[in-house]
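Below is entry.pdb, which holds PDB, C-alpha atoms.
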ATOM      1  CA  MET A   1       0.000   0.000   0.000
ATOM      2  CA  LYS A   2       1.380   3.383  -0.991
ATOM      3  CA  HIS A   3       1.363   6.111   1.644
ATOM      4  CA  ILE A   4       0.822   9.760   0.788
ATOM      5  CA  THR A   5       2.398  12.408   2.990
ATOM      6  CA  LYS A   6       0.787  15.820   3.239
ATOM      7  CA  TYR A   7       2.988  18.592   4.600
ATOM      8  CA  VAL A   8       0.839  21.216   6.278
ATOM      9  CA  GLY A   9       2.171  24.727   6.870
ATOM     10  CA  LEU A  10       0.296  26.784   9.448
ATOM     11  CA  ASP A  11       0.589  30.527   9.941
ATOM     12  CA  VAL A  12      -0.850  30.915  13.420
ATOM     13  CA  SER A  13      -2.208  34.100  14.938
ATOM     14  CA  LYS A  14      -4.399  34.695  17.980
ATOM     15  CA  GLU A  15      -7.715  34.541  16.097
ATOM     16  CA  THR A  16      -7.003  32.601  12.890
ATOM     17  CA  ILE A  17      -4.756  30.004  11.266
ATOM     18  CA  ALA A  18      -3.794  30.171   7.573
ATOM     19  CA  VAL A  19      -3.399  26.636   6.180
ATOM     20  CA  ALA A  20      -1.379  25.444   3.176
ATOM     21  CA  VAL A  21      -0.669  21.874   2.028
ATOM     22  CA  ALA A  22       2.183  20.482  -0.046
ATOM     23  CA  GLU A  23       1.786  16.833  -0.998
ATOM     24  CA  SER A  24       4.758  14.533  -1.397
ATOM     25  CA  GLY A  25       6.369  14.874  -4.792
ATOM     26  CA  ARG A  26       7.169  17.998  -6.730
ATOM     27  CA  GLY A  27       3.726  19.558  -7.125
ATOM     28  CA  GLU A  28       2.869  23.081  -6.084
ATOM     29  CA  ALA A  29       1.745  23.743  -2.554
ATOM     30  CA  ARG A  30      -1.867  24.891  -2.350
ATOM     31  CA  PHE A  31      -3.530  27.297   0.022
ATOM     32  CA  VAL A  32      -6.421  25.566   1.786
ATOM     33  CA  GLY A  33      -7.846  28.599   3.556
ATOM     34  CA  THR A  34      -8.056  30.348   6.883
ATOM     35  CA  ILE A  35      -9.693  28.703   9.871
ATOM     36  CA  PRO A  36     -10.517  29.995  13.355
ATOM     37  CA  ASN A  37      -7.905  29.259  16.003
ATOM     38  CA  THR A  38     -10.143  26.872  17.964
ATOM     39  CA  VAL A  39      -9.836  23.215  18.933
ATOM     40  CA  GLU A  40     -12.976  22.299  16.981
ATOM     41  CA  ALA A  41     -11.739  23.960  13.780
ATOM     42  CA  ILE A  42      -8.355  22.243  14.065
ATOM     43  CA  ARG A  43      -9.965  18.836  14.579
ATOM     44  CA  LYS A  44     -12.209  19.457  11.558
ATOM     45  CA  LEU A  45      -9.163  20.418   9.466
ATOM     46  CA  VAL A  46      -7.380  17.196  10.458
ATOM     47  CA  ARG A  47     -10.457  15.166   9.471
ATOM     48  CA  GLN A  48     -10.634  16.942   6.097
ATOM     49  CA  LEU A  49      -6.949  16.378   5.313
ATOM     50  CA  SER A  50      -6.829  12.813   6.609
ATOM     51  CA  GLY A  51      -7.665   9.750   4.649
ATOM     52  CA  GLU A  52      -6.714   6.163   4.206
ATOM     53  CA  ASN A  53      -2.926   5.842   3.783
ATOM     54  CA  VAL A  54      -2.419   9.583   4.346
ATOM     55  CA  ARG A  55       0.238  10.754   6.768
ATOM     56  CA  LEU A  56       0.056  14.373   7.975
ATOM     57  CA  GLU A  57       3.030  16.472   9.077
ATOM     58  CA  PHE A  58       2.377  19.927  10.509
ATOM     59  CA  CYS A  59       4.652  22.891  11.188
ATOM     60  CA  TYR A  60       4.254  26.458  12.370
ATOM     61  CA  GLU A  61       6.413  29.349  13.531
ATOM     62  CA  ALA A  62       7.083  29.811  17.219
ATOM     63  CA  GLY A  63       5.448  32.971  18.457
ATOM     64  CA  PRO A  64       3.251  34.605  21.050
ATOM     65  CA  THR A  65       0.522  31.965  20.654
ATOM     66  CA  GLY A  66       2.678  29.464  22.542
ATOM     67  CA  TYR A  67       2.754  25.703  22.195
ATOM     68  CA  GLY A  68      -0.918  24.823  22.691
ATOM     69  CA  LEU A  69      -1.375  23.912  19.022
ATOM     70  CA  TYR A  70       1.697  21.679  19.155
ATOM     71  CA  ARG A  71       0.368  19.866  22.216
ATOM     72  CA  LEU A  72      -3.083  19.455  20.632
ATOM     73  CA  LEU A  73      -1.664  17.939  17.439
ATOM     74  CA  ARG A  74       0.685  15.660  19.386
ATOM     75  CA  ALA A  75      -2.261  14.502  21.536
ATOM     76  CA  MET A  76      -3.946  13.511  18.272
ATOM     77  CA  ASP A  77      -0.815  11.412  17.420
ATOM     78  CA  LEU A  78       0.199  13.729  14.590
ATOM     79  CA  SER A  79       3.667  14.913  13.671
ATOM     80  CA  CYS A  80       4.219  18.602  14.399
ATOM     81  CA  PHE A  81       7.279  20.848  14.282
ATOM     82  CA  VAL A  82       7.640  24.279  15.814
ATOM     83  CA  VAL A  83      10.165  26.387  13.929
ATOM     84  CA  ALA A  84      11.991  29.530  15.037
ATOM     85  CA  PRO A  85      11.256  32.374  12.591
ATOM     86  CA  SER A  86      14.965  33.253  12.517
ATOM     87  CA  LEU A  87      15.815  29.738  11.249
ATOM     88  CA  ILE A  88      13.469  29.848   8.241
ATOM     89  CA  PRO A  89      15.366  30.341   4.966
ATOM     90  CA  VAL A  90      14.389  33.579   3.239
ATOM     91  CA  ARG A  91      14.749  34.339  -0.467
ATOM     92  CA  GLN A  92      16.547  37.549  -1.269
ATOM     93  CA  GLY A  93      14.087  40.251  -2.229
ATOM     94  CA  ASP A  94      11.112  38.401  -0.701
ATOM     95  CA  ARG A  95       9.885  41.202   1.551
ATOM     96  CA  VAL A  96       6.113  40.875   1.325
ATOM     97  CA  LYS A  97       4.784  38.855   4.258
ATOM     98  CA  THR A  98       1.195  37.698   4.338
ATOM     99  CA  ASP A  99      -0.415  34.839   6.237
ATOM    100  CA  ARG A 100      -1.111  33.021   2.978
ATOM    101  CA  ARG A 101       2.472  33.333   1.683
ATOM    102  CA  ASP A 102       3.931  32.317   5.040
ATOM    103  CA  ALA A 103       1.763  29.186   5.214
ATOM    104  CA  LEU A 104       2.658  28.204   1.633
ATOM    105  CA  ARG A 105       6.359  28.770   2.295
ATOM    106  CA  LEU A 106       6.267  26.690   5.495
ATOM    107  CA  ALA A 107       4.572  23.790   3.685
ATOM    108  CA  GLN A 108       7.150  23.894   0.871
ATOM    109  CA  LEU A 109      10.131  24.078   3.235
ATOM    110  CA  LEU A 110       8.759  21.277   5.434
ATOM    111  CA  ARG A 111       8.400  19.027   2.398
ATOM    112  CA  ALA A 112      11.965  19.904   1.326
ATOM    113  CA  GLY A 113      13.305  19.123   4.820
ATOM    114  CA  GLU A 114      14.808  22.593   5.194
ATOM    115  CA  LEU A 115      13.254  23.508   8.551
ATOM    116  CA  THR A 116      14.955  23.137  11.913
ATOM    117  CA  PRO A 117      12.559  22.452  14.794
ATOM    118  CA  VAL A 118      13.015  24.120  18.167
ATOM    119  CA  TRP A 119      12.745  22.490  21.582
ATOM    120  CA  VAL A 120       9.206  22.586  22.914
ATOM    121  CA  PRO A 121       9.140  22.821  26.716
ATOM    122  CA  ALA A 122       6.850  20.661  28.800
ATOM    123  CA  GLU A 123       3.883  22.452  30.368
ATOM    124  CA  ALA A 124       5.631  22.500  33.764
ATOM    125  CA  ASP A 125       8.749  24.090  32.231
ATOM    126  CA  GLU A 126       6.648  26.665  30.424
ATOM    127  CA  THR A 127       4.802  27.530  33.639
ATOM    128  CA  LEU A 128       8.099  27.962  35.480
ATOM    129  CA  ARG A 129       9.401  30.162  32.641
ATOM    130  CA  ASP A 130       6.295  32.373  32.909
ATOM    131  CA  LEU A 131       6.770  32.662  36.665
ATOM    132  CA  VAL A 132      10.416  33.715  36.274
ATOM    133  CA  ARG A 133       9.438  36.317  33.657
ATOM    134  CA  ALA A 134       6.713  37.700  35.935
ATOM    135  CA  ARG A 135       9.203  37.945  38.801
ATOM    136  CA  GLU A 136      11.680  39.827  36.585
ATOM    137  CA  ASP A 137       8.927  42.248  35.540
ATOM    138  CA  VAL A 138       8.013  42.944  39.168
ATOM    139  CA  LEU A 139      11.671  43.560  40.071
ATOM    140  CA  GLU A 140      12.012  46.012  37.172
ATOM    141  CA  ASP A 141       8.845  47.812  38.283
ATOM    142  CA  ARG A 142      10.177  48.039  41.826
ATOM    143  CA  LEU A 143      13.468  49.521  40.621
ATOM    144  CA  ARG A 144      11.623  52.162  38.602
TER     145      ARG A 144
END

Entire entry expressed as C-alpha coordinates:
Amino acid sequence: MKHITKYVGLDVSKETIAVAVAESGRGEARFVGTIPNTVEAIRKLVRQLSGENVRLEFCYEAGPTGYGLYRLLRAMDLSCFVVAPSLIPVRQGDRVKTDRRDALRLAQLLRAGELTPVWVPAEADETLRDLVRAREDVLEDRLR
(Lines of atoms letter the chains of each structure in order from A and count residues from 1; the text may use other names and numbers.)
(Lines give C-alpha, C1' and ligand atoms only; values in the text may rest on other atoms or scores of the structure.)
Protein backbone atom coordinates (compact mmCIF):
# COMPACT_ATOMS: atom_id res chain seq x y z
CA MET A 1 0.00 0.00 0.00
CA LYS A 2 1.38 3.38 -0.99
CA HIS A 3 1.36 6.11 1.64
CA ILE A 4 0.82 9.76 0.79
CA THR A 5 2.40 12.41 2.99
CA LYS A 6 0.79 15.82 3.24
CA TYR A 7 2.99 18.59 4.60
CA VAL A 8 0.84 21.22 6.28
CA GLY A 9 2.17 24.73 6.87
CA LEU A 10 0.30 26.78 9.45
CA ASP A 11 0.59 30.53 9.94
CA VAL A 12 -0.85 30.92 13.42
CA SER A 13 -2.21 34.10 14.94
CA LYS A 14 -4.40 34.70 17.98
CA GLU A 15 -7.72 34.54 16.10
CA THR A 16 -7.00 32.60 12.89
CA ILE A 17 -4.76 30.00 11.27
CA ALA A 18 -3.79 30.17 7.57
CA VAL A 19 -3.40 26.64 6.18
CA ALA A 20 -1.38 25.44 3.18
CA VAL A 21 -0.67 21.87 2.03
CA ALA A 22 2.18 20.48 -0.05
CA GLU A 23 1.79 16.83 -1.00
CA SER A 24 4.76 14.53 -1.40
CA GLY A 25 6.37 14.87 -4.79
CA ARG A 26 7.17 18.00 -6.73
CA GLY A 27 3.73 19.56 -7.13
CA GLU A 28 2.87 23.08 -6.08
CA ALA A 29 1.74 23.74 -2.55
CA ARG A 30 -1.87 24.89 -2.35
CA PHE A 31 -3.53 27.30 0.02
CA VAL A 32 -6.42 25.57 1.79
CA GLY A 33 -7.85 28.60 3.56
CA THR A 34 -8.06 30.35 6.88
CA ILE A 35 -9.69 28.70 9.87
CA PRO A 36 -10.52 29.99 13.35
CA ASN A 37 -7.91 29.26 16.00
CA THR A 38 -10.14 26.87 17.96
CA VAL A 39 -9.84 23.21 18.93
CA GLU A 40 -12.98 22.30 16.98
CA ALA A 41 -11.74 23.96 13.78
CA ILE A 42 -8.35 22.24 14.06
CA ARG A 43 -9.97 18.84 14.58
CA LYS A 44 -12.21 19.46 11.56
CA LEU A 45 -9.16 20.42 9.47
CA VAL A 46 -7.38 17.20 10.46
CA ARG A 47 -10.46 15.17 9.47
CA GLN A 48 -10.63 16.94 6.10
CA LEU A 49 -6.95 16.38 5.31
CA SER A 50 -6.83 12.81 6.61
CA GLY A 51 -7.67 9.75 4.65
CA GLU A 52 -6.71 6.16 4.21
CA ASN A 53 -2.93 5.84 3.78
CA VAL A 54 -2.42 9.58 4.35
CA ARG A 55 0.24 10.75 6.77
CA LEU A 56 0.06 14.37 7.97
CA GLU A 57 3.03 16.47 9.08
CA PHE A 58 2.38 19.93 10.51
CA CYS A 59 4.65 22.89 11.19
CA TYR A 60 4.25 26.46 12.37
CA GLU A 61 6.41 29.35 13.53
CA ALA A 62 7.08 29.81 17.22
CA GLY A 63 5.45 32.97 18.46
CA PRO A 64 3.25 34.60 21.05
CA THR A 65 0.52 31.96 20.65
CA GLY A 66 2.68 29.46 22.54
CA TYR A 67 2.75 25.70 22.20
CA GLY A 68 -0.92 24.82 22.69
CA LEU A 69 -1.37 23.91 19.02
CA TYR A 70 1.70 21.68 19.16
CA ARG A 71 0.37 19.87 22.22
CA LEU A 72 -3.08 19.45 20.63
CA LEU A 73 -1.66 17.94 17.44
CA ARG A 74 0.69 15.66 19.39
CA ALA A 75 -2.26 14.50 21.54
CA MET A 76 -3.95 13.51 18.27
CA ASP A 77 -0.82 11.41 17.42
CA LEU A 78 0.20 13.73 14.59
CA SER A 79 3.67 14.91 13.67
CA CYS A 80 4.22 18.60 14.40
CA PHE A 81 7.28 20.85 14.28
CA VAL A 82 7.64 24.28 15.81
CA VAL A 83 10.16 26.39 13.93
CA ALA A 84 11.99 29.53 15.04
CA PRO A 85 11.26 32.37 12.59
CA SER A 86 14.97 33.25 12.52
CA LEU A 87 15.81 29.74 11.25
CA ILE A 88 13.47 29.85 8.24
CA PRO A 89 15.37 30.34 4.97
CA VAL A 90 14.39 33.58 3.24
CA ARG A 91 14.75 34.34 -0.47
CA GLN A 92 16.55 37.55 -1.27
CA GLY A 93 14.09 40.25 -2.23
CA ASP A 94 11.11 38.40 -0.70
CA ARG A 95 9.89 41.20 1.55
CA VAL A 96 6.11 40.87 1.33
CA LYS A 97 4.78 38.86 4.26
CA THR A 98 1.20 37.70 4.34
CA ASP A 99 -0.42 34.84 6.24
CA ARG A 100 -1.11 33.02 2.98
CA ARG A 101 2.47 33.33 1.68
CA ASP A 102 3.93 32.32 5.04
CA ALA A 103 1.76 29.19 5.21
CA LEU A 104 2.66 28.20 1.63
CA ARG A 105 6.36 28.77 2.30
CA LEU A 106 6.27 26.69 5.50
CA ALA A 107 4.57 23.79 3.68
CA GLN A 108 7.15 23.89 0.87
CA LEU A 109 10.13 24.08 3.24
CA LEU A 110 8.76 21.28 5.43
CA ARG A 111 8.40 19.03 2.40
CA ALA A 112 11.96 19.90 1.33
CA GLY A 113 13.31 19.12 4.82
CA GLU A 114 14.81 22.59 5.19
CA LEU A 115 13.25 23.51 8.55
CA THR A 116 14.95 23.14 11.91
CA PRO A 117 12.56 22.45 14.79
CA VAL A 118 13.02 24.12 18.17
CA TRP A 119 12.74 22.49 21.58
CA VAL A 120 9.21 22.59 22.91
CA PRO A 121 9.14 22.82 26.72
CA ALA A 122 6.85 20.66 28.80
CA GLU A 123 3.88 22.45 30.37
CA ALA A 124 5.63 22.50 33.76
CA ASP A 125 8.75 24.09 32.23
CA GLU A 126 6.65 26.67 30.42
CA THR A 127 4.80 27.53 33.64
CA LEU A 128 8.10 27.96 35.48
CA ARG A 129 9.40 30.16 32.64
CA ASP A 130 6.29 32.37 32.91
CA LEU A 131 6.77 32.66 36.66
CA VAL A 132 10.42 33.72 36.27
CA ARG A 133 9.44 36.32 33.66
CA ALA A 134 6.71 37.70 35.94
CA ARG A 135 9.20 37.95 38.80
CA GLU A 136 11.68 39.83 36.59
CA ASP A 137 8.93 42.25 35.54
CA VAL A 138 8.01 42.94 39.17
CA LEU A 139 11.67 43.56 40.07
CA GLU A 140 12.01 46.01 37.17
CA ASP A 141 8.85 47.81 38.28
CA ARG A 142 10.18 48.04 41.83
CA LEU A 143 13.47 49.52 40.62
CA ARG A 144 11.62 52.16 38.60

As number ranges by chain, please: the residues near Leu45 of chain A (cut-off 12 Å, only C-alpha atoms, same-chain neighbours under 3 positions excluded). A: 8, 10, 17-21, 32-42, 48-51, 56, 58, 73

One-decimal distance in Å that lies between atom CA of Thr98 of chain A and atom CA of Tyr67 of chain A: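 Taking atom CA of Tyr67 of chain A as the start and atom CA of Thr98 of chain A as the end point, the length is 21.6 Å.
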
Care to translate the PyMOL selection byres ((chain A and resi 79) around 7) into actual residues of this file, as a PyMOL selection string? chain A and resi 56-58+74+77-78+80-81

To test the calculation: enclose all listed atoms of segment 17-32 of chain A in a box whose edges run along x, y and z, add 6 Å on each side, then state centre and edge lengths in Å to one decimal, as AutoDock Vina command-line options.
--center_x 0.4 --center_y 22.4 --center_z 2.1 --size_x 25.6 --size_y 27.6 --size_z 30.4

Pick out the residues sitting within 10 Å of Gly25 of chain A, and hand them over as a PyMOL selection string; count all atoms listed in the file, and ignore anything fewer than 3 positions along from it in its own chain. chain A and resi 4-6+22+28+111-112

Do you have the atom CA of Arg55 of chain A-atom CA of Asp11 of chain A distance handy?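 Atom-to-atom, atom CA of Arg55 of chain A to atom CA of Asp11 of chain A, that is 20.0 Å.
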
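For the atom pair formed by atom CA of Trp119 of chain A and atom CA of Ala84 of chain A, the distance is 9.6 Å, given to one decimal.
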
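Remark: for Ala62 of chain A, the closest of the candidate residues A:Val118, A:Leu106, A:Ala124, A:Val96 is A:Val118 (distances computed over all atoms listed in the file).
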
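Non-sequential neighbours of Val120 of chain A (distance at most 10 Å, separation of 4 or more positions within a chain, all atoms listed in the file) are A:Ala62, A:Gly66, A:Tyr67, A:Tyr70, A:Arg71, A:Phe81, A:Val82, A:Val83, A:Asp125, A:Glu126.
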
Missing atoms of segment 71-94 of chain A rebuilt to N, CA, C and O atoms, written as a PDB file, in the coordinates of the input:
ATOM      1  N   ARG A  71       0.825  20.889  21.265  1.00  0.00           N
ATOM      2  CA  ARG A  71       0.368  19.866  22.216  1.00  0.00           C
ATOM      3  C   ARG A  71      -0.939  19.220  21.755  1.00  0.00           C
ATOM      4  O   ARG A  71      -1.136  18.018  21.924  1.00  0.00           O
ATOM      5  N   LEU A  72      -1.833  20.003  21.152  1.00  0.00           N
ATOM      6  CA  LEU A  72      -3.083  19.455  20.632  1.00  0.00           C
ATOM      7  C   LEU A  72      -2.809  18.454  19.510  1.00  0.00           C
ATOM      8  O   LEU A  72      -3.359  17.352  19.503  1.00  0.00           O
ATOM      9  N   LEU A  73      -1.968  18.831  18.561  1.00  0.00           N
ATOM     10  CA  LEU A  73      -1.664  17.939  17.439  1.00  0.00           C
ATOM     11  C   LEU A  73      -0.934  16.680  17.899  1.00  0.00           C
ATOM     12  O   LEU A  73      -1.195  15.581  17.418  1.00  0.00           O
ATOM     13  N   ARG A  74      -0.035  16.831  18.855  1.00  0.00           N
ATOM     14  CA  ARG A  74       0.685  15.660  19.386  1.00  0.00           C
ATOM     15  C   ARG A  74      -0.276  14.743  20.147  1.00  0.00           C
ATOM     16  O   ARG A  74      -0.140  13.523  20.102  1.00  0.00           O
ATOM     17  N   ALA A  75      -1.258  15.307  20.833  1.00  0.00           N
ATOM     18  CA  ALA A  75      -2.261  14.502  21.536  1.00  0.00           C
ATOM     19  C   ALA A  75      -3.113  13.711  20.547  1.00  0.00           C
ATOM     20  O   ALA A  75      -3.654  12.656  20.890  1.00  0.00           O
ATOM     21  N   MET A  76      -3.209  14.206  19.316  1.00  0.00           N
ATOM     22  CA  MET A  76      -3.946  13.511  18.272  1.00  0.00           C
ATOM     23  C   MET A  76      -3.037  12.536  17.508  1.00  0.00           C
ATOM     24  O   MET A  76      -3.406  12.030  16.451  1.00  0.00           O
ATOM     25  N   ASP A  77      -1.822  12.303  18.031  1.00  0.00           N
ATOM     26  CA  ASP A  77      -0.815  11.412  17.420  1.00  0.00           C
ATOM     27  C   ASP A  77      -0.398  11.869  16.032  1.00  0.00           C
ATOM     28  O   ASP A  77      -0.217  11.061  15.121  1.00  0.00           O
ATOM     29  N   LEU A  78      -0.244  13.177  15.857  1.00  0.00           N
ATOM     30  CA  LEU A  78       0.199  13.729  14.590  1.00  0.00           C
ATOM     31  C   LEU A  78       1.587  14.336  14.748  1.00  0.00           C
ATOM     32  O   LEU A  78       1.950  14.801  15.825  1.00  0.00           O
ATOM     33  N   SER A  79       2.336  14.336  13.673  1.00  0.00           N
ATOM     34  CA  SER A  79       3.667  14.913  13.671  1.00  0.00           C
ATOM     35  C   SER A  79       3.552  16.434  13.562  1.00  0.00           C
ATOM     36  O   SER A  79       2.819  16.947  12.708  1.00  0.00           O
ATOM     37  N   CYS A  80       4.263  17.143  14.424  1.00  0.00           N
ATOM     38  CA  CYS A  80       4.219  18.602  14.399  1.00  0.00           C
ATOM     39  C   CYS A  80       5.594  19.153  14.762  1.00  0.00           C
ATOM     40  O   CYS A  80       6.240  18.665  15.683  1.00  0.00           O
ATOM     41  N   PHE A  81       6.017  20.167  14.018  1.00  0.00           N
ATOM     42  CA  PHE A  81       7.279  20.848  14.282  1.00  0.00           C
ATOM     43  C   PHE A  81       6.986  22.309  14.568  1.00  0.00           C
ATOM     44  O   PHE A  81       6.153  22.920  13.892  1.00  0.00           O
ATOM     45  N   VAL A  82       7.694  22.846  15.549  1.00  0.00           N
ATOM     46  CA  VAL A  82       7.640  24.279  15.814  1.00  0.00           C
ATOM     47  C   VAL A  82       8.988  24.823  15.368  1.00  0.00           C
ATOM     48  O   VAL A  82      10.034  24.293  15.740  1.00  0.00           O
ATOM     49  N   VAL A  83       8.957  25.870  14.547  1.00  0.00           N
ATOM     50  CA  VAL A  83      10.165  26.387  13.929  1.00  0.00           C
ATOM     51  C   VAL A  83      10.397  27.825  14.379  1.00  0.00           C
ATOM     52  O   VAL A  83       9.455  28.624  14.422  1.00  0.00           O
ATOM     53  N   ALA A  84      11.652  28.148  14.696  1.00  0.00           N
ATOM     54  CA  ALA A  84      11.991  29.530  15.037  1.00  0.00           C
ATOM     55  C   ALA A  84      11.970  30.375  13.771  1.00  0.00           C
ATOM     56  O   ALA A  84      12.544  29.970  12.752  1.00  0.00           O
ATOM     57  N   PRO A  85      11.308  31.534  13.790  1.00  0.00           N
ATOM     58  CA  PRO A  85      11.256  32.374  12.591  1.00  0.00           C
ATOM     59  C   PRO A  85      12.643  32.743  12.061  1.00  0.00           C
ATOM     60  O   PRO A  85      12.838  32.868  10.856  1.00  0.00           O
ATOM     61  N   SER A  86      13.619  32.884  12.949  1.00  0.00           N
ATOM     62  CA  SER A  86      14.965  33.253  12.517  1.00  0.00           C
ATOM     63  C   SER A  86      15.681  32.120  11.786  1.00  0.00           C
ATOM     64  O   SER A  86      16.677  32.352  11.106  1.00  0.00           O
ATOM     65  N   LEU A  87      15.186  30.880  11.908  1.00  0.00           N
ATOM     66  CA  LEU A  87      15.815  29.738  11.249  1.00  0.00           C
ATOM     67  C   LEU A  87      15.150  29.361   9.923  1.00  0.00           C
ATOM     68  O   LEU A  87      15.539  28.385   9.290  1.00  0.00           O
ATOM     69  N   ILE A  88      14.156  30.137   9.500  1.00  0.00           N
ATOM     70  CA  ILE A  88      13.469  29.848   8.241  1.00  0.00           C
ATOM     71  C   ILE A  88      14.235  30.520   7.099  1.00  0.00           C
ATOM     72  O   ILE A  88      14.457  31.735   7.130  1.00  0.00           O
ATOM     73  N   PRO A  89      14.652  29.737   6.101  1.00  0.00           N
ATOM     74  CA  PRO A  89      15.366  30.341   4.966  1.00  0.00           C
ATOM     75  C   PRO A  89      14.498  31.373   4.256  1.00  0.00           C
ATOM     76  O   PRO A  89      13.307  31.158   4.045  1.00  0.00           O
ATOM     77  N   VAL A  90      15.112  32.496   3.897  1.00  0.00           N
ATOM     78  CA  VAL A  90      14.389  33.579   3.239  1.00  0.00           C
ATOM     79  C   VAL A  90      15.041  33.853   1.892  1.00  0.00           C
ATOM     80  O   VAL A  90      16.265  33.954   1.796  1.00  0.00           O
ATOM     81  N   ARG A  91      14.232  33.973   0.850  1.00  0.00           N
ATOM     82  CA  ARG A  91      14.749  34.339  -0.467  1.00  0.00           C
ATOM     83  C   ARG A  91      15.084  35.817  -0.482  1.00  0.00           C
ATOM     84  O   ARG A  91      14.364  36.637   0.088  1.00  0.00           O
ATOM     85  N   GLN A  92      16.164  36.146  -1.162  1.00  0.00           N
ATOM     86  CA  GLN A  92      16.547  37.549  -1.269  1.00  0.00           C
ATOM     87  C   GLN A  92      15.488  38.309  -2.060  1.00  0.00           C
ATOM     88  O   GLN A  92      15.013  37.844  -3.100  1.00  0.00           O
ATOM     89  N   GLY A  93      15.087  39.440  -1.554  1.00  0.00           N
ATOM     90  CA  GLY A  93      14.087  40.251  -2.229  1.00  0.00           C
ATOM     91  C   GLY A  93      12.656  39.883  -1.884  1.00  0.00           C
ATOM     92  O   GLY A  93      11.725  40.525  -2.336  1.00  0.00           O
ATOM     93  N   ASP A  94      12.460  38.834  -1.082  1.00  0.00           N
ATOM     94  CA  ASP A  94      11.112  38.401  -0.701  1.00  0.00           C
ATOM     95  C   ASP A  94      10.710  39.142   0.571  1.00  0.00           C
ATOM     96  O   ASP A  94      10.891  38.651   1.675  1.00  0.00           O
TER      97      ASP A  94
END
